[in-house]
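Participant: What follows is final-v1.txt, made up of compact mmCIF, C-alpha atoms and all ligand atoms:
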```
# COMPACT_ATOMS: atom_id res chain seq x y z
CA MET A 10 173.25 132.90 165.85
CA ARG A 11 172.76 129.23 164.92
CA GLN A 12 172.01 128.45 161.28
CA LEU A 13 168.55 126.91 161.61
CA VAL A 14 166.92 124.71 158.97
CA VAL A 15 163.33 125.88 158.70
CA MET A 16 160.61 124.26 156.58
CA ILE A 17 157.87 126.67 155.52
CA THR A 18 154.68 125.27 154.01
CA GLY A 19 152.44 127.52 151.93
CA SER A 20 155.67 129.40 151.27
CA ALA A 21 154.28 131.29 148.27
CA GLY A 22 151.10 132.37 150.08
CA ASN A 23 150.65 135.76 151.76
CA LEU A 24 151.93 134.76 155.18
CA GLY A 25 154.33 132.11 153.90
CA ARG A 26 156.09 134.65 151.67
CA ALA A 27 156.42 137.05 154.59
CA VAL A 28 157.93 134.29 156.76
CA VAL A 29 160.39 133.42 154.01
CA GLN A 30 161.36 137.09 153.65
CA GLU A 31 161.79 137.52 157.41
CA LEU A 32 163.94 134.40 157.74
CA SER A 33 166.01 135.48 154.73
CA LEU A 34 167.35 138.24 157.01
CA SER A 35 168.81 135.56 159.30
CA PRO A 36 171.42 132.89 158.52
CA ALA A 37 168.63 130.24 158.27
CA ARG A 38 168.56 127.62 155.54
CA LEU A 39 165.04 127.27 154.16
CA VAL A 40 162.89 124.47 152.82
CA CYS A 41 160.09 126.17 150.88
CA VAL A 42 157.11 123.90 150.27
CA GLU A 43 154.28 124.47 147.78
CA ARG A 44 151.90 122.55 145.56
CA SER A 45 152.32 124.68 142.47
CA PRO A 46 155.75 124.75 140.75
CA GLU A 47 154.95 128.14 139.15
CA LYS A 48 154.00 129.79 142.45
CA LEU A 49 157.05 128.34 144.15
CA SER A 50 159.54 129.48 141.52
CA GLN A 51 158.05 132.99 141.55
CA ALA A 52 158.39 133.16 145.34
CA LEU A 53 161.97 131.85 145.28
CA ALA A 54 162.98 134.36 142.61
CA SER A 55 162.66 137.20 145.14
CA LEU A 56 165.23 135.70 147.52
CA PRO A 57 168.89 136.74 147.72
CA PRO A 58 170.86 134.43 145.34
CA GLU A 59 173.34 133.49 148.07
CA MET A 60 170.61 131.99 150.27
CA ASP A 61 170.68 128.25 150.88
CA VAL A 62 167.11 127.31 149.87
CA LEU A 63 165.53 124.04 148.88
CA GLY A 64 162.28 124.44 146.96
CA LEU A 65 159.86 121.51 147.13
CA ASP A 66 156.90 121.68 144.74
CA ASN A 67 154.08 119.20 144.20
CA VAL A 68 153.78 118.57 147.94
CA ASP A 69 150.14 118.11 148.95
CA LEU A 70 149.84 118.77 152.65
CA THR A 71 146.61 116.84 152.98
CA ASP A 72 148.44 113.66 151.91
CA ILE A 73 150.68 112.12 154.57
CA VAL A 74 152.79 110.21 152.05
CA SER A 75 153.43 113.42 150.12
CA CYS A 76 154.40 115.16 153.40
CA GLN A 77 156.74 112.32 154.35
CA ASP A 78 158.35 112.49 150.92
CA GLY A 79 158.90 116.25 151.29
CA VAL A 80 160.44 115.78 154.73
CA ARG A 81 162.71 113.03 153.38
CA ARG A 82 163.93 115.32 150.57
CA ALA A 83 164.62 118.06 153.12
CA HIS A 84 166.66 115.64 155.24
CA ASP A 85 168.55 114.44 152.17
CA ARG A 86 169.64 118.04 151.53
CA PHE A 87 170.18 119.46 155.02
CA GLY A 88 170.41 116.42 157.33
CA HIS A 89 167.73 117.67 159.71
CA ILE A 90 164.84 120.13 160.15
CA ASP A 91 164.99 122.44 163.16
CA ALA A 92 161.59 124.02 162.68
CA LEU A 93 158.34 123.60 160.79
CA VAL A 94 156.27 126.70 160.03
CA ASN A 95 152.97 125.54 158.57
CA THR A 96 150.96 128.36 156.98
CA VAL A 97 148.71 126.21 154.77
CA GLY A 98 145.05 126.91 155.35
CA GLY A 99 142.02 128.68 154.02
CA PHE A 100 138.70 130.30 154.77
CA LYS A 101 135.09 129.89 153.64
CA MET A 102 131.82 130.94 155.26
CA GLY A 103 128.39 129.36 155.23
CA PRO A 104 125.44 128.53 157.47
CA VAL A 105 124.85 125.17 159.07
CA ASP A 106 122.37 123.60 156.68
CA GLN A 107 122.03 120.61 154.40
CA PHE A 108 124.33 122.16 151.79
CA GLY A 109 127.25 122.94 154.14
CA ILE A 110 128.49 119.41 154.67
CA ASP A 111 130.96 119.54 151.78
CA GLN A 112 132.38 122.83 153.05
CA TRP A 113 132.82 121.21 156.47
CA ASP A 114 134.81 118.33 154.97
CA ALA A 115 136.84 120.66 152.73
CA LEU A 116 137.92 122.98 155.56
CA MET A 117 138.60 120.13 157.96
CA THR A 118 140.87 118.69 155.28
CA LEU A 119 142.56 121.96 154.27
CA ASN A 120 143.11 123.32 157.79
CA ALA A 121 143.15 120.38 160.20
CA ARG A 122 144.18 117.28 158.25
CA SER A 123 147.07 119.19 156.63
CA ALA A 124 148.39 120.34 160.02
CA TYR A 125 148.18 116.79 161.34
CA ALA A 126 149.84 115.24 158.28
CA ILE A 127 152.86 117.55 158.16
CA SER A 128 153.30 117.34 161.95
CA ALA A 129 153.26 113.55 161.83
CA ALA A 130 155.82 113.68 159.01
CA VAL A 131 158.36 115.97 160.74
CA LEU A 132 158.04 114.68 164.30
CA PRO A 133 159.92 111.34 164.16
CA ARG A 134 163.28 112.88 163.21
CA MET A 135 162.78 115.81 165.62
CA GLN A 136 162.09 113.25 168.37
CA GLU A 137 165.28 111.37 167.48
CA ARG A 138 167.30 114.61 167.68
CA LYS A 139 165.49 115.80 170.84
CA HIS A 140 165.07 119.19 169.23
CA GLY A 141 162.38 120.88 167.19
CA ARG A 142 159.97 123.75 166.78
CA ILE A 143 156.51 123.51 165.25
CA VAL A 144 154.38 126.56 164.49
CA HIS A 145 150.90 126.20 163.01
CA VAL A 146 148.51 128.97 162.00
CA ALA A 147 145.00 128.80 163.49
CA ALA A 148 142.62 131.78 163.79
CA ALA A 149 140.52 133.54 166.42
CA PRO A 150 137.28 131.70 165.48
CA GLY A 151 139.08 128.56 166.66
CA LEU A 152 138.38 129.89 170.17
CA LYS A 153 134.79 131.00 169.57
CA ALA A 154 132.79 130.69 166.38
CA GLY A 155 130.70 133.45 164.90
CA SER A 156 127.78 133.14 162.53
CA HIS A 157 128.50 131.24 159.29
CA GLN A 158 131.87 130.09 160.64
CA SER A 159 131.13 126.54 161.79
CA ALA A 160 133.48 124.71 159.43
CA TYR A 161 136.25 127.31 159.59
CA ALA A 162 136.05 127.68 163.36
CA ALA A 163 135.93 123.93 164.01
CA SER A 164 138.87 123.29 161.68
CA LYS A 165 140.96 126.00 163.38
CA ALA A 166 139.92 124.74 166.84
CA ALA A 167 141.28 121.37 165.69
CA VAL A 168 144.60 123.05 164.85
CA ILE A 169 144.76 124.56 168.36
CA ARG A 170 143.99 121.22 170.06
CA LEU A 171 146.45 119.40 167.77
CA THR A 172 149.15 121.91 168.73
CA GLU A 173 148.44 121.42 172.43
CA ALA A 174 148.64 117.64 172.08
CA ILE A 175 151.94 117.83 170.17
CA ALA A 176 153.34 120.14 172.85
CA ALA A 177 152.23 117.83 175.66
CA GLU A 178 153.55 114.68 173.98
CA ASN A 179 156.90 116.21 173.14
CA ARG A 180 158.01 118.18 176.20
CA ILE A 181 160.21 115.20 176.98
CA ASN A 182 161.66 115.46 173.46
CA ARG A 183 162.48 119.17 173.80
CA ILE A 184 160.16 119.98 170.92
CA THR A 185 157.93 123.03 171.22
CA ALA A 186 154.61 123.44 169.40
CA ASN A 187 152.68 126.68 169.21
CA CYS A 188 150.02 128.17 167.00
CA ILE A 189 149.29 131.71 165.95
CA LEU A 190 145.80 133.18 165.83
CA PRO A 191 146.05 136.07 163.38
CA GLY A 192 143.48 138.79 163.06
CA THR A 193 142.53 139.80 159.53
CA ILE A 194 145.79 139.87 157.62
CA ASP A 195 146.36 142.77 155.24
CA THR A 196 146.40 140.84 151.96
CA PRO A 197 145.37 141.75 148.40
CA GLN A 198 142.58 139.16 148.61
CA ASN A 199 141.15 140.65 151.83
CA ARG A 200 141.36 144.19 150.39
CA GLU A 201 139.45 143.03 147.32
CA ALA A 202 136.84 141.13 149.37
CA MET A 203 136.32 143.98 151.88
CA PRO A 204 136.88 147.24 149.95
CA ASN A 205 135.23 149.39 152.64
CA ALA A 206 136.99 147.86 155.65
CA ASP A 207 139.20 149.89 157.98
CA THR A 208 142.53 148.28 157.10
CA GLU A 209 144.19 150.12 160.01
CA THR A 210 142.72 147.41 162.25
CA TRP A 211 144.30 144.61 160.24
CA VAL A 212 147.63 142.99 160.96
CA SER A 213 150.47 142.86 158.47
CA ALA A 214 151.88 139.53 157.35
CA SER A 215 155.37 140.83 158.15
CA ALA A 216 154.43 141.51 161.81
CA ILE A 217 153.20 137.92 162.18
CA ALA A 218 156.32 136.68 160.41
CA ARG A 219 158.52 138.42 163.02
CA LEU A 220 156.58 136.64 165.78
CA ILE A 221 157.05 133.32 164.00
CA ALA A 222 160.77 133.99 163.56
CA PHE A 223 160.98 134.40 167.34
CA LEU A 224 159.00 131.20 168.01
CA VAL A 225 161.36 129.10 165.89
CA SER A 226 164.46 130.60 167.48
CA ASP A 227 166.51 129.15 170.34
CA GLU A 228 165.32 132.06 172.51
CA ALA A 229 161.74 130.71 172.44
CA SER A 230 162.51 127.37 174.12
CA ALA A 231 160.23 128.21 177.08
CA VAL A 232 157.13 128.76 174.96
CA THR A 233 155.09 125.68 174.13
CA GLY A 234 151.43 124.70 173.79
CA GLY A 235 150.48 128.31 173.13
CA ALA A 236 147.65 129.69 171.01
CA ILE A 237 149.04 133.17 170.51
CA GLN A 238 146.72 135.92 169.32
CA ALA A 239 148.33 138.17 166.72
CA THR A 240 145.77 140.79 165.90
CA GLY A 241 147.92 143.90 165.76
CA PHE A 242 146.94 147.01 167.68
N1 LIG N 301 144.41 135.90 155.47
C1 LIG N 301 143.85 136.13 156.65
O1 LIG N 301 143.24 137.18 156.91
C2 LIG N 301 143.96 135.10 157.75
C3 LIG N 301 143.39 135.35 159.02
C4 LIG N 301 143.53 134.38 160.01
C5 LIG N 301 144.19 133.20 159.76
N2 LIG N 301 144.72 132.98 158.51
C6 LIG N 301 145.43 131.74 158.27
O2 LIG N 301 146.78 132.07 157.95
C7 LIG N 301 147.30 131.08 157.07
C8 LIG N 301 147.93 131.77 155.86
O3 LIG N 301 146.95 132.60 155.22
P1 LIG N 301 147.30 133.27 153.83
O4 LIG N 301 146.43 134.46 153.68
O5 LIG N 301 148.77 133.40 153.71
O6 LIG N 301 146.78 132.11 152.81
P2 LIG N 301 147.19 131.93 151.28
O7 LIG N 301 147.78 133.17 150.71
O8 LIG N 301 145.98 131.34 150.61
O9 LIG N 301 148.35 130.83 151.35
C9 LIG N 301 148.08 129.49 151.63
C10 LIG N 301 149.06 128.66 150.83
O10 LIG N 301 148.82 127.27 151.13
C11 LIG N 301 148.85 126.54 149.91
N3 LIG N 301 148.06 125.31 149.99
C12 LIG N 301 146.72 125.19 150.08
N4 LIG N 301 146.36 123.91 150.13
C13 LIG N 301 147.51 123.19 150.09
C14 LIG N 301 147.80 121.80 150.10
N5 LIG N 301 146.83 120.86 150.20
N6 LIG N 301 149.09 121.40 150.03
C15 LIG N 301 150.08 122.32 149.94
N7 LIG N 301 149.88 123.65 149.91
C16 LIG N 301 148.60 124.08 149.98
C17 LIG N 301 148.25 127.49 148.90
O11 LIG N 301 148.61 127.05 147.60
P3 LIG N 301 147.52 126.97 146.40
O12 LIG N 301 147.53 128.28 145.74
O13 LIG N 301 148.06 125.84 145.57
O14 LIG N 301 146.19 126.64 147.03
C18 LIG N 301 148.87 128.80 149.31
O15 LIG N 301 150.14 128.99 148.71
C19 LIG N 301 146.16 130.13 156.75
O16 LIG N 301 146.23 129.02 157.60
C20 LIG N 301 144.93 130.95 157.06
O17 LIG N 301 143.80 130.17 157.39
C21 LIG N 301 144.64 133.90 157.51
```
Show how you would write the structure in this file as structure tokens.

Facilitator:
Amino acid sequence: MRQLVVMITGSAGNLGRAVVQELSLSPARLVCVERSPEKLSQALASLPPEMDVLGLDNVDLTDIVSCQDGVRRAHDRFGHIDALVNTVGGFKMGPVDQFGIDQWDALMTLNARSAYAISAAVLPRMQERKHGRIVHVAAAPGLKAGSHQSAYAASKAAVIRLTEAIAAENRINRITANCILPGTIDTPQNREAMPNADTETWVSASAIARLIAFLVSDEASAVTGGAIQATGF
């Protein structure tokens, strides 16, 4: 198995941590990206000491210059990046009314602008190498919005369309781009927010992480432009 260099954004979040754990079972070398130094060092502390990991804190994914700086530091250490797994994103609900405009801007920034910025930062070197894998995380409302989901759904739809455009532009460069549409992930925050929910219908972060590990692998070279639903059973 080739020793891939994989950059994981949101690497101390629920899904990001699961992706890091899953990839720590492979020979991959990891670039773990976070904003908060404390969160990042906590997440890195759980990894096997022999793992080749570069931790990058203070990277703001909504800022293209910050993304480019993170990518440059990753190249300085490992020479290239085989795959980007971008798990940064968030969720808020609210009706369409005069007060929702700030939520719209905030979620478009957190979910869509961040995905664009980090993609634009990693693509040039992947294009030079004619190799790369990009995996973003969207969500089912990106296909069809429900009530009180306008900002979230539109921002995740933007992630899906961005992924399709990257895939189309980069077939010639042998770069694949896919996004995952998770169902409700079994996280401490979701358990606290929905104490009466049937958690049997939720999907584990580790199950999504295994799917992502496949998508970044050499075996997944035929899969590109996909919006892959990952809702569990
Ligand atoms: N949880 C679910 O049920 C669910 C369902 C469907 C889709 N999703 C999607 O799955 C992805 C992962 O979800 P999750 O539950 O793992 O989220 P999470 O635990 O909140 O993790 C997100 C991570 O992104 C980081 N982050 C946020 N803004 C950033 C920025 N501007 N620059 C750099 N890092 C930033 C957060 O750091 P800070 O602590 O500094 O903010 C956090 O570590 C998200 O895209 C989410 O929308 C989640």

Participant: Quick one: pull the distance between atom CA of Thr233 of chain A and atom CA of Thr96 of chain A, Å, one decimal.

Facilitator: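 Value for the atom CA of Thr233 of chain A-atom CA of Thr96 of chain A distance: 17.8 Å.
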
Participant: Would you mind reading off the distance between atom CA of Gly22 of chain A and atom CA of Leu152 of chain A, one decimal, in Å?

Facilitator: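 Distance reported for this atom pair: 23.9 Å.
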
Participant: Counting only C-alpha atoms and all ligand atoms, which protein, DNA or RNA residues come within 8 Å of ligand LIG 301 (chain N), given as a PyMOL selection string?

Facilitator: chain A and resi 18-26+42-45+48+67-72+95-100+119-120+123+145-149+165+190-196+198-199+214

Participant: Can you measure atom CA of Gly234 of chain A to atom CA of Val94 of chain A for me? One decimal in Å is fine.

Facilitator: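 According to the coordinates, atom CA of Gly234 of chain A and atom CA of Val94 of chain A are separated by 14.7 Å.
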
Participant: As lines of an AutoDock Vina configuration file, please: the centre and edge lengths in Å, to one decimal, of an axis-aligned box enclosing every listed atom of segment 45-62 of chain A with 8 Å added on each side.

Facilitator:
```
center_x = 162.8
center_y = 130.9
center_z = 145.0
size_x = 37.0
size_y = 28.5
size_z = 27.7
```
